[in-house]
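K.L.:
Structure in structure tokens, see below.
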Amino acid sequence: MPETIAVRPPRWRVLPTRPGIRRAAGRLDAATPPERDRAVDALRALAILGVVLGHWLVTALVADGGALRAASPLGPMPWLAPVSWAFQTLAVFFMVGGHVATRSHASARARGVTYGGWLRARLARLFVPVAAMTGLWTVAAVCLLLGGASFTTVHTVVKLALSPLWFLLVFAALTAATPLVARLSPLWPLAVVLHVDLVRFGLGGPSWLGWVNLAAGWLVPFTLGAAWTRGELERRRAGRLLCGGGAVATAVLVAWAGYPASMVGVPGAAVSNLNPPTLAAVTFGLAQCGAALLLRDRLRRAMRGPVLWAAVALANLSAMTVFLWHQTALMATTATGLLAGRLPGLHTVPDGLGWVAARLLWLPVFAAVLAVCWAAFHGFESRGGRRPRTGPAGSRVVRVGRLPETSELRKAGHA
């Protein structure tokens, strides 16, 4: 077992010291298997960070009388659409998920693990934290209604709080289908998305047909991850082709085919690129995945720094907690802020640069509240997976897809 860092006076010191962080990060760096591709963890961390910041920047809860209603600055200010290009990073997350799932399944088969055993282990870390979140919000919704909150307010906050669950359900379904899609070319689901949009928008087909793309659209980057596992995306040419081709296709679809410029949904808009995914969202995702592939070598070099690697490792260990609770952090801040009246950037209509400037100032507050949520609920994420086994002489065996023990890093603040 790693040596525990001793606790030294003074007792009031709670912030980590630089030497303590460096020592703990060095231990974590040394405990990481040399064959681990750290760029995968870095891309996952960047994808989660993009989703969180994107939601915090484009989601507004406007105080309207005695109720809260959802709004977005992308409606009154469509020129902010590039914000959604930078922070709508779900395609990268699905690509990394497909890569990790196919690699993990192949490793499990080599060890003689059954499909059922492998799938239970993969999904446990998803649904144990989800059960905690849904349980808490069920109780919260009942308490709000009994306390006199309007149905509109309760519906708005619960819908936003539980909105991350659609993503997890799709991700879980694709993970379960990993053995079937491990050899599937991304061109097949891409063709499905193309034909669905052609029928839906070009031929006046039913709008419900678009929900076929909820599976097919995210299957495209997931199968890109499988192609990565097969070694088909190692050359930089693949990244350039995906990035350039996806960017050009998206520009054409937005400029000449009438697709929205925003890559996230905008309340009141006739068409959303995300709910369900459109062809423009998928081609944009291809461009993002290509850019991510081109960044791999730089990320691998950057991850050689122990402190940066430790930060990425901790972000990955907390990815589910951060993803599930970041909207709750926003709403908790908004609800508490109502006690002081209608605050700019928090309860006001998002219709100008003043709101944008004020919202940027609220981001550190959201992050602090999210840290409180992490402290309260991270334990459920840890319980979702089995504890790492130990090998001879107490050495730690790190399983595929899991990170080394980081308890010494968390204790570094008391060193």
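Chain labels A, B, ... are given in the sequence in which chains occur in the structure tokens; within each chain residues are numbered consecutively from 1, and ligands are likewise numbered from 1 in the order shown.
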Please identify all polymer residues within 9 Å of Tyr115 in chain A, counting only C-alpha atoms, omitting same-chain residues fewer than 5 positions from it, and present them as a list in words.

P.N.:
His105, Ala108, Arg109, Arg120 and Pro179 of chain A

K.L.:
DSSP says helix (DSSP H, G or I) for which residues of range 178-277 of chain A? Put them as a ChimeraX atom specification?

P.N.:
/A:178-181,187-202,207-229,236-256

K.L.:
Determine which residues of range 68-189 of chain A receive a DSSP assignment of strand (DSSP E or B), computed from the backbone, and state them as an MDAnalysis selection string.

P.N.:
chainID A and resid 68:71

K.L.:
Choose the residue, out of A:Val157, A:Asp41, A:Val128, A:Thr89, that has the smallest atom-to-atom separation from Ala141 in chain A; count only C-alpha atoms.

P.N.:
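Closest to Ala141 in chain A of all the choices is A:Val157.
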
K.L.:
When you look at Arg69 in chain A with a cut-off of 12 Å (counting only C-alpha atoms), what residues show up, excluding the ones that are within fewer than 2 positions of it in the same chain? I need them as a ChimeraX atom specification.

P.N.:
/A:59-67,71-72,150-160,267,331,334,346-350

K.L.:
Which polymer residues have any atom within 9 Å of an atom of range 367-376 of chain A, counting only C-alpha atoms, with same-chain residues fewer than 3 positions away left out, as a PyMOL selection string?

P.N.:
chain A and resi 318+321-322+325-330+332-333+362-364+379

K.L.:
Go through A:Ser163, A:Ser207, A:Ser185, A:Gln88 and flag the residue nearest Trp228 in chain A, using only C-alpha atoms for the distances.

P.N.:
A:Ser185

K.L.:
For Val193 in chain A, which residue among A:Ala249, A:Leu119, A:Leu162, A:Pro277 is the nearest when counting only C-alpha atoms?

P.N.:
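So, comparing all the options, the nearest one is A:Pro277.
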
K.L.:
List as a list in words the protein and nucleic acid residues near Val170 in chain A, meaning an atom at most 10 Å away when only C-alpha atoms are counted, but skip any in the same chain fewer than 6 places from it.

P.N.:
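In the requested format, the answer is Phe94, Ala176, Leu214, Ala215, Trp218 and Leu219 of chain A.
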
K.L.:
What would the file look like if the residues just selected were written as a PDB file, in the first residue's frame with N, CA, C and O atoms?

P.N.:
```
ATOM      1  N   PHE A  94     -18.363  10.351 -26.280  1.00  0.00           N
ATOM      2  CA  PHE A  94     -18.816   9.086 -26.838  1.00  0.00           C
ATOM      3  C   PHE A  94     -17.686   8.366 -27.565  1.00  0.00           C
ATOM      4  O   PHE A  94     -17.599   7.135 -27.520  1.00  0.00           O
ATOM      5  N   ALA A 176     -23.793  -1.567 -23.653  1.00  0.00           N
ATOM      6  CA  ALA A 176     -24.327  -2.931 -23.682  1.00  0.00           C
ATOM      7  C   ALA A 176     -24.188  -3.557 -25.063  1.00  0.00           C
ATOM      8  O   ALA A 176     -24.036  -4.774 -25.189  1.00  0.00           O
ATOM      9  N   LEU A 214     -31.350   9.486 -32.058  1.00  0.00           N
ATOM     10  CA  LEU A 214     -30.853   9.490 -30.694  1.00  0.00           C
ATOM     11  C   LEU A 214     -29.873   8.339 -30.486  1.00  0.00           C
ATOM     12  O   LEU A 214     -28.871   8.484 -29.771  1.00  0.00           O
ATOM     13  N   ALA A 215     -30.136   7.212 -31.135  1.00  0.00           N
ATOM     14  CA  ALA A 215     -29.194   6.085 -31.088  1.00  0.00           C
ATOM     15  C   ALA A 215     -28.174   6.184 -32.208  1.00  0.00           C
ATOM     16  O   ALA A 215     -26.962   6.088 -31.973  1.00  0.00           O
ATOM     17  N   TRP A 218     -25.379   9.167 -31.894  1.00  0.00           N
ATOM     18  CA  TRP A 218     -24.287   8.967 -30.935  1.00  0.00           C
ATOM     19  C   TRP A 218     -23.531   7.677 -31.193  1.00  0.00           C
ATOM     20  O   TRP A 218     -22.418   7.492 -30.693  1.00  0.00           O
ATOM     21  N   LEU A 219     -24.119   6.799 -32.003  1.00  0.00           N
ATOM     22  CA  LEU A 219     -23.389   5.596 -32.398  1.00  0.00           C
ATOM     23  C   LEU A 219     -22.217   5.940 -33.323  1.00  0.00           C
ATOM     24  O   LEU A 219     -21.220   5.210 -33.370  1.00  0.00           O
TER      25      LEU A 219
END
```

K.L.:
Go through A:Ala172, A:Cys143, A:Val282, A:Ala310 and flag the residue nearest Ala216 in chain A, using only C-alpha atoms for the distances.

P.N.:
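Of A:Ala172, A:Cys143, A:Val282, A:Ala310, the one nearest Ala216 in chain A, counting only C-alpha atoms, is A:Val282.
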